[in-house]
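Below: model.txt (compact mmCIF, C-alpha atoms)
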# COMPACT_ATOMS: atom_id res chain seq x y z
CA MET M 736 19.68 -13.19 61.80
CA ILE M 737 21.68 -10.36 63.28
CA ILE M 738 25.00 -11.96 62.39
CA ALA M 739 23.93 -12.52 58.80
CA PHE M 740 22.50 -9.00 58.60
CA ALA M 741 25.66 -7.40 59.98
CA PHE M 742 27.86 -9.42 57.65
CA LEU M 743 25.78 -8.57 54.59
CA ALA M 744 25.47 -4.90 55.54
CA GLY M 745 29.22 -4.63 56.05
CA MET M 746 29.94 -6.40 52.77
CA THR M 747 27.48 -4.25 50.83
CA LEU M 748 28.53 -0.90 52.25
CA VAL M 749 32.29 -1.53 52.28
CA SER M 750 32.12 -2.74 48.69
CA ALA M 751 30.06 0.32 47.75
CA LEU M 752 32.71 2.57 49.27
CA GLY M 753 35.31 0.55 47.40
CA VAL M 754 33.57 1.32 44.11
CA VAL M 755 33.80 5.03 44.79
CA LEU M 756 37.27 5.18 46.28
CA SER M 757 39.38 2.53 44.56
CA ARG M 758 41.88 3.91 42.14
CA SER M 759 41.75 1.13 39.58
CA VAL M 760 38.62 0.93 37.46
CA VAL M 761 38.77 -2.87 37.36
CA HIS M 762 38.85 -2.96 41.15
CA SER M 763 35.80 -0.72 41.13
CA ALA M 764 33.97 -3.24 38.94
CA LEU M 765 34.91 -6.15 41.21
CA PHE M 766 33.85 -4.20 44.30
CA MET M 767 30.58 -3.50 42.53
CA SER M 768 29.92 -7.21 42.03
CA GLY M 769 30.67 -7.75 45.73
CA SER M 770 28.11 -5.14 46.62
CA PHE M 771 25.55 -6.80 44.34
CA LEU M 772 26.25 -10.14 46.05
CA GLY M 773 25.51 -8.53 49.40
CA VAL M 774 22.20 -7.24 48.08
CA ALA M 775 21.42 -10.76 46.80
CA GLY M 776 22.02 -12.02 50.33
CA PHE M 777 19.60 -9.40 51.62
CA PHE M 778 17.03 -10.67 49.13
CA VAL M 779 17.41 -14.18 50.54
CA MET M 780 16.91 -12.79 54.05
CA LEU M 781 13.81 -10.97 52.81
CA ASN M 782 12.10 -14.16 51.61
CA ALA M 783 12.72 -13.48 47.94
CA PRO M 784 15.03 -16.29 46.79
CA ALA M 785 13.86 -16.03 43.17
CA LEU M 786 14.85 -12.37 43.13
CA ALA M 787 18.20 -13.28 44.66
CA THR M 788 18.75 -15.69 41.79
CA LEU M 789 17.86 -12.99 39.28
CA GLN M 790 20.19 -10.59 41.06
CA VAL M 791 23.14 -12.99 40.90
CA LEU M 792 22.46 -13.94 37.29
CA ILE M 793 21.84 -10.45 35.93
CA TYR M 794 23.93 -8.15 38.09
CA VAL M 795 26.81 -10.26 39.35
CA GLY M 796 26.96 -12.11 36.06
CA ALA M 797 25.81 -10.06 33.14
CA VAL M 798 26.13 -6.41 34.17
CA THR M 799 29.56 -6.91 35.69
CA VAL M 800 30.80 -8.64 32.54
CA VAL M 801 29.35 -5.93 30.31
CA ILE M 802 30.98 -3.23 32.41
CA LEU M 803 34.30 -5.09 32.37
CA PHE M 804 34.04 -5.18 28.58
CA GLY M 805 33.36 -1.45 28.62
CA ILE M 806 36.46 -0.93 30.74
CA MET M 807 38.52 -3.08 28.38
CA PHE M 808 37.44 -1.02 25.38
CA THR M 809 37.77 2.45 26.84
CA GLN M 810 40.62 2.62 29.33
CA ARG M 811 43.95 4.09 28.56
CA PRO M 812 46.74 3.83 31.11
CA GLN M 813 46.62 6.95 33.22
CA VAL M 814 48.07 8.09 36.47
CA ARG M 815 46.02 6.63 39.26
CA ARG M 816 46.23 9.40 41.78
CA TYR M 817 43.16 10.70 43.49
CA ARG M 818 43.69 14.04 41.78
CA THR M 819 43.25 12.40 38.40
CA ILE M 820 40.33 10.09 39.13
CA ILE M 821 38.19 12.50 41.09
CA ASN M 822 36.96 15.83 39.88
CA ARG M 823 37.05 18.98 41.92
CA GLN M 824 33.68 18.42 43.56
CA ILE M 825 34.84 15.89 46.16
CA TRP M 826 33.87 17.84 49.26
CA PRO M 827 30.69 19.48 47.92
CA GLY M 828 29.77 16.06 46.54
CA LEU M 829 30.35 14.49 49.94
CA PHE M 830 28.14 17.08 51.60
CA VAL M 831 25.40 16.60 49.03
CA ALA M 832 25.58 12.81 49.40
CA LEU M 833 25.53 13.05 53.20
CA GLY M 834 22.52 15.32 52.96
CA VAL M 835 20.76 12.91 50.61
CA GLY M 836 21.57 9.96 52.85
CA ALA M 837 20.45 11.73 56.02
CA PHE M 838 17.25 12.93 54.36
CA LEU M 839 16.45 9.45 53.05
CA ALA M 840 17.20 7.81 56.38
CA TYR M 841 15.00 10.38 58.14
CA VAL M 842 12.12 9.97 55.69
CA LEU M 843 12.30 6.19 55.85
CA THR M 844 12.50 5.94 59.63
CA VAL M 845 10.18 8.77 60.72
CA GLN M 846 7.31 6.42 60.00
CA ASP M 847 6.26 4.08 62.76
CA TRP M 848 7.09 0.64 61.42
CA THR M 849 6.22 -1.24 64.58
CA GLY M 850 3.77 -4.02 63.89
CA THR M 851 5.24 -4.86 60.50
CA GLU M 852 6.46 -8.41 60.44
CA PRO M 853 8.62 -10.18 57.90
CA GLY M 854 7.19 -13.07 55.94
CA ASN M 855 4.59 -11.36 53.75
CA GLY M 856 6.71 -11.62 50.64
CA LEU M 857 6.34 -13.89 47.64
CA ARG M 858 8.34 -16.83 48.73
CA SER M 859 7.47 -19.19 45.89
CA VAL M 860 8.50 -18.62 42.31
CA ALA M 861 4.92 -19.33 41.18
CA ASP M 862 3.60 -16.39 43.21
CA LEU M 863 6.28 -14.11 41.79
CA GLY M 864 5.39 -15.22 38.29
CA ASN M 865 1.69 -14.58 38.91
CA THR M 866 2.52 -11.12 40.22
CA LEU M 867 4.71 -10.33 37.24
CA LEU M 868 1.93 -11.23 34.81
CA GLY M 869 -0.79 -9.54 36.85
CA VAL M 870 -2.89 -12.67 37.30
CA GLY M 871 -4.08 -14.48 40.39
CA GLY M 872 -5.06 -11.49 42.48
CA ALA M 873 -2.05 -9.35 41.66
CA PRO M 874 -2.65 -5.82 40.34
CA PRO M 875 -3.44 -6.22 36.62
CA ILE M 876 -1.19 -3.28 35.72
CA PHE M 877 1.76 -5.68 36.01
CA GLY M 878 0.68 -7.38 32.79
CA LEU M 879 1.04 -4.10 30.92
CA LEU M 880 4.33 -3.30 32.68
CA PHE M 881 5.68 -6.72 31.70
CA GLU M 882 4.93 -6.04 28.02
CA VAL M 883 6.43 -2.54 28.23
CA ALA M 884 9.57 -3.95 29.82
CA SER M 885 9.99 -6.50 27.05
CA VAL M 886 9.58 -3.84 24.37
CA LEU M 887 12.05 -1.64 26.26
CA LEU M 888 14.62 -4.46 26.33
CA LEU M 889 14.23 -4.99 22.59
CA VAL M 890 14.61 -1.25 21.91
CA ALA M 891 17.66 -1.07 24.17
CA MET M 892 19.26 -4.03 22.42
CA ILE M 893 18.79 -2.46 18.98
CA ALA M 894 19.92 0.93 20.28
CA ALA M 895 23.09 -0.54 21.79
CA ILE M 896 23.95 -2.19 18.48
CA VAL M 897 23.22 0.94 16.43
CA VAL M 898 25.01 3.38 18.73
CA SER M 899 28.18 1.34 19.24
CA ARG M 900 28.53 0.15 15.64
CA ARG M 901 31.55 1.53 13.87
CA ARG M 902 30.68 3.25 10.65
CA THR M 903 33.03 2.66 7.77
CA GLY M 904 35.77 5.22 7.49
CA GLU M 905 34.89 6.99 10.69
CA GLY M 906 37.33 6.83 13.56
CA VAL M 907 39.84 4.13 14.27
CA ASP M 908 39.94 1.40 16.82
CA ARG M 909 42.98 2.09 18.93
CA GLY M 910 43.16 -1.48 20.17
CA VAL M 911 43.57 -2.78 16.63
CA GLU M 912 45.73 0.08 15.50
CA GLU M 913 48.34 -0.22 18.22
CA MET J 538 27.11 -27.13 79.61
CA PRO J 539 26.90 -26.18 83.31
CA PRO J 540 23.35 -25.31 84.34
CA GLN J 541 24.21 -21.86 85.73
CA LEU J 542 25.31 -20.79 82.24
CA GLN J 543 22.02 -21.84 80.68
CA PRO J 544 20.11 -18.49 81.07
CA TYR J 545 22.99 -16.49 79.64
CA VAL J 546 23.27 -18.79 76.63
CA GLN J 547 19.53 -18.54 76.16
CA GLN J 548 19.71 -14.74 76.36
CA GLY J 549 22.50 -14.66 73.83
CA LEU J 550 20.57 -16.90 71.49
CA ASP J 551 17.50 -14.68 71.83
CA VAL J 552 19.54 -11.62 70.93
CA VAL J 553 21.11 -13.35 67.94
CA ASN J 554 17.85 -14.81 66.67
CA GLN J 555 15.59 -11.79 66.94
CA THR J 556 14.14 -10.55 63.69
CA ILE J 557 15.63 -7.51 62.04
CA PRO J 558 13.24 -4.53 62.05
CA LEU J 559 12.35 -3.00 58.71
CA GLU J 560 14.37 0.12 59.56
CA GLY J 561 17.58 -1.90 59.35
CA TYR J 562 17.11 -2.68 55.67
CA LEU J 563 15.86 0.82 54.92
CA ILE J 564 18.88 2.48 56.52
CA VAL J 565 21.35 0.18 54.76
CA ALA J 566 19.61 1.02 51.47
CA ALA J 567 19.70 4.75 52.24
CA ILE J 568 23.44 4.66 53.00
CA MET J 569 24.08 2.63 49.86
CA PHE J 570 22.10 5.15 47.80
CA ALA J 571 24.09 8.01 49.33
CA ILE J 572 27.41 6.31 48.56
CA GLY J 573 26.28 5.75 44.99
CA ALA J 574 25.22 9.38 44.65
CA TRP J 575 28.57 10.53 46.04
CA GLY J 576 30.46 8.42 43.52
CA ALA J 577 28.28 9.58 40.64
CA LEU J 578 29.03 13.17 41.63
CA ILE J 579 32.78 13.00 42.18
CA ARG J 580 34.24 10.38 39.82
CA ARG J 581 35.56 11.47 36.45
CA ASN J 582 35.44 8.14 34.64
CA ALA J 583 32.10 7.62 32.90
CA VAL J 584 32.21 3.84 33.44
CA VAL J 585 32.60 4.32 37.20
CA VAL J 586 29.71 6.77 37.11
CA PHE J 587 27.64 3.96 35.57
CA MET J 588 28.68 1.61 38.35
CA CYS J 589 27.59 4.14 40.94
CA ILE J 590 24.23 4.52 39.21
CA GLU J 591 23.85 0.73 39.38
CA LEU J 592 24.57 0.93 43.11
CA MET J 593 21.78 3.48 43.52
CA ILE J 594 19.37 1.29 41.55
CA ASN J 595 20.26 -1.67 43.75
CA ALA J 596 19.60 0.37 46.87
CA VAL J 597 16.13 1.21 45.57
CA ASN J 598 15.54 -2.47 44.80
CA LEU J 599 16.51 -3.38 48.34
CA THR J 600 13.97 -0.89 49.67
CA LEU J 601 11.25 -2.27 47.39
CA VAL J 602 11.87 -5.88 48.38
CA GLY J 603 12.04 -4.92 52.04
CA PHE J 604 8.66 -3.22 51.85
CA SER J 605 7.18 -6.14 49.92
CA ASP J 606 8.28 -8.57 52.63
CA TYR J 607 7.34 -6.50 55.66
CA LEU J 608 4.10 -4.71 54.76
CA PRO J 609 1.11 -7.03 55.06
CA GLY J 610 -1.07 -5.11 52.59
CA ALA J 611 1.53 -5.01 49.84
CA ASP J 612 0.93 -8.58 48.63
CA GLY J 613 4.49 -8.70 47.46
CA ALA J 614 4.00 -6.12 44.73
CA GLY J 615 7.43 -4.67 45.52
CA ALA J 616 9.13 -7.83 44.28
CA GLY J 617 7.34 -7.47 40.94
CA TYR J 618 8.46 -3.85 40.67
CA ALA J 619 11.98 -4.94 41.57
CA VAL J 620 12.06 -7.29 38.57
CA LEU J 621 10.92 -4.43 36.32
CA VAL J 622 13.60 -2.16 37.79
CA ILE J 623 16.22 -4.83 37.06
CA ALA J 624 15.05 -4.96 33.43
CA VAL J 625 15.19 -1.18 33.08
CA ALA J 626 18.64 -1.09 34.67
CA ALA J 627 19.93 -3.74 32.27
CA ALA J 628 18.62 -1.72 29.32
CA GLU J 629 20.19 1.41 30.76
CA VAL J 630 23.62 -0.13 31.19
CA ALA J 631 23.57 -1.57 27.66
CA VAL J 632 22.68 1.74 26.00
CA GLY J 633 24.92 3.74 28.36
CA LEU J 634 27.99 1.67 27.67
CA ALA J 635 27.28 1.85 23.94
CA ILE J 636 27.21 5.65 24.22
CA VAL J 637 30.46 5.61 26.23
CA LEU J 638 32.05 3.47 23.51
CA ALA J 639 30.86 5.86 20.80
CA VAL J 640 32.16 8.88 22.73
CA TYR J 641 35.49 7.18 23.34
CA ARG J 642 35.78 6.44 19.65
CA SER J 643 35.39 10.08 18.68
CA ARG J 644 36.96 11.83 21.68
CA LYS J 645 39.56 9.33 22.93
CA THR J 646 38.50 9.97 26.51
CA VAL J 647 35.75 8.87 28.86
CA ASN J 648 36.32 11.48 31.53
CA VAL J 649 33.01 13.20 32.00
CA ASP J 650 34.54 16.62 32.66
CA GLU J 651 36.41 16.62 29.36
CA ILE J 652 33.35 15.79 27.26
CA ASN J 653 31.69 19.13 26.60
CA LEU J 654 30.18 18.21 23.24
CA MET J 655 26.66 19.20 24.24
CA LYS J 656 27.63 22.18 26.38
CA TRP J 657 27.42 25.56 24.71

Encoding of this model in structure tokens:
Amino acid sequence: MIIAFAFLAGMTLVSALGVVLSRSVVHSALFMSGSFLGVAGFFVMLNAPALATLQVLIYVGAVTVVILFGIMFTQRPQVRRYRTIINRQIWPGLFVALGVGAFLAYVLTVQDWTGTEPGNGLRSVADLGNTLLGVGGAPPIFGLLFEVASVLLLVAMIAAIVVSRRRTGEGVDRGVEE
Amino acid sequence: MPPQLQPYVQQGLDVVNQTIPLEGYLIVAAIMFAIGAWGALIRRNAVVVFMCIELMINAVNLTLVGFSDYLPGADGAGAGYAVLVIAVAAAEVAVGLAIVLAVYRSRKTVNVDEINLMKW
């Protein structure tokens, strides 16, 4: 357990630092997928294999690909020095982030978690499905949340199409032009 | 294996096999959230800012799933919320990248400190 935990924690946190500090945007995206894979491993350790599957499919697969497409469409070659990729708030930002991290760690660990044991999670996919639909003893609010989430996904899909559509005669696509 | 080594091996196995306390997951998630917040504050590229926001969302998911596995009274509700958070994050990244594309088309840059369209 400890070996797996240490490996996953190292992979997740080092990849997260890589996202912030790597000078190439594509490397940032690949580091991000590594970090997501580490979180998927944590989900497996936490008795949620169905969630780990969702994590790999949606984050490591879909979100990474969408972000790579975004990089492809928007990046121009620029000097990759830290002065050009990072704005002037590096040290205040570091202090703020350290403060946030210390505060969160304090709040999360000031509680007495002794007596909590792993293994209460929804191990089977059927239980997770029941919970998501709010049936079988799960809080019934999940049924409503499920419907709201599906409407939200539809709205987001339409919004993404409408916002990113090129109107005729407005702007040029540099990739085609050059 | 020589018999005098047996207790040490057993001790080592006990150390390796002990269960991780809940604090371990919570602290990893807190550090991951802080790294994501740092990146969202300091990077200039809007796409990288999105990646850092995704990192923060993943840290929250890790906390939710940890609670749902460790707390006996939770009945695994955290896993259900985690699925909803994943859906919201997917919607957010789709709309966000569409906005970045639209901004790039009109401004030819995605650096967040050069986009002052809505700043008076």

Could you give me, as a tab-separated table, a per-residue list for chain J showing, wherever an atom lies at most 6 Å from an atom of chain M, the closest pair of atoms and their distance in Å to one decimal, using all atoms listed in the file and sorting by chain then residue number from low to high?
residue	atom	partner	partner_atom	distance
J:Val553	CA	M:Ile737	CA	5.6
J:Asn554	CA	M:Met736	CA	5.4
J:Ile564	CA	M:Ala840	CA	5.6
J:Ala567	CA	M:Gly836	CA	5.6
J:Ile568	CA	M:Gly836	CA	5.6
J:Ala571	CA	M:Gly836	CA	4.7
J:Ala574	CA	M:Ala832	CA	5.9
J:Trp575	CA	M:Ala832	CA	5.0
J:Gly576	CA	M:Val755	CA	4.9
J:Leu578	CA	M:Gly828	CA	5.7
J:Ile579	CA	M:Ile825	CA	5.3
J:Arg580	CA	M:Ile821	CA	4.7
J:Arg581	CA	M:Ile821	CA	5.4
J:Ser605	CA	M:Gly856	CA	5.5
J:Asp606	CA	M:Gly856	CA	4.0
J:Tyr607	CA	M:Pro853	CA	4.5
J:Leu608	CA	M:Thr851	CA	5.9
J:Pro609	CA	M:Asn855	CA	5.7
J:Gly613	CA	M:Gly856	CA	4.9
J:Gly617	CA	M:Leu867	CA	5.4
J:Ala628	CA	M:Ala891	CA	5.3
J:Ala631	CA	M:Ala895	CA	6.0
J:Val632	CA	M:Ala895	CA	4.8
J:Ala635	CA	M:Ser899	CA	4.8
J:Ala639	CA	M:Ser899	CA	5.5

Restricting the output to C-alpha atoms, write the selected residues as a CSV table (one decimal), in the frame of the given file.
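Result file out08.csv:
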chain,number,residue,atom,x,y,z
J,553,VAL,CA,21.1,-13.4,67.9
J,554,ASN,CA,17.8,-14.8,66.7
J,564,ILE,CA,18.9,2.5,56.5
J,567,ALA,CA,19.7,4.8,52.2
J,568,ILE,CA,23.4,4.7,53.0
J,571,ALA,CA,24.1,8.0,49.3
J,574,ALA,CA,25.2,9.4,44.6
J,575,TRP,CA,28.6,10.5,46.0
J,576,GLY,CA,30.5,8.4,43.5
J,578,LEU,CA,29.0,13.2,41.6
J,579,ILE,CA,32.8,13.0,42.2
J,580,ARG,CA,34.2,10.4,39.8
J,581,ARG,CA,35.6,11.5,36.4
J,605,SER,CA,7.2,-6.1,49.9
J,606,ASP,CA,8.3,-8.6,52.6
J,607,TYR,CA,7.3,-6.5,55.7
J,608,LEU,CA,4.1,-4.7,54.8
J,609,PRO,CA,1.1,-7.0,55.1
J,613,GLY,CA,4.5,-8.7,47.5
J,617,GLY,CA,7.3,-7.5,40.9
J,628,ALA,CA,18.6,-1.7,29.3
J,631,ALA,CA,23.6,-1.6,27.7
J,632,VAL,CA,22.7,1.7,26.0
J,635,ALA,CA,27.3,1.8,23.9
J,639,ALA,CA,30.9,5.9,20.8

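Neighbours of J:Ala583 closer than or equal to 9 Å, with all atoms listed in the file counted and sequence neighbours fewer than 5 positions away skipped, come out as Ala577, Met588, Leu634, Val637, Val647, Asn648 and Val649 of chain J.
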
note - atom CA of M:Gly878 and atom CA of J:Asn598 are separated by 19.7 Å

I'd like the contact shell of J:Asn595 - 9 Å cut-off, only C-alpha atoms, skipping same-chain residues fewer than 3 positions apart - returned as a VMD selection string. (chain M and resid 771 774) or (chain J and resid 566 569 to 570 590 to 592 598 to 600 622 to 623)

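Going from atom CA of J:Val630 to atom CA of J:Phe587 covers 7.2 Å.
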
What box, with edges along x, y and z, holds each listed atom of stretch 623-628 of chain J when 5 Å is added on every side, and can you state its centre and edge lengths in Å to one decimal, as AutoDock Vina command-line options?
--center_x 17.5 --center_y -3.0 --center_z 33.2 --size_x 14.9 --size_y 13.9 --size_z 17.7

Pairwise distance, atom CA of M:Ser859 with atom CA of J:Gln555, equals 23.7 Å

Using only C-alpha atoms, the residue out of M:Met746, M:Met807, M:Leu879, M:Ala787 with shortest distance to J:Val584 is M:Met807
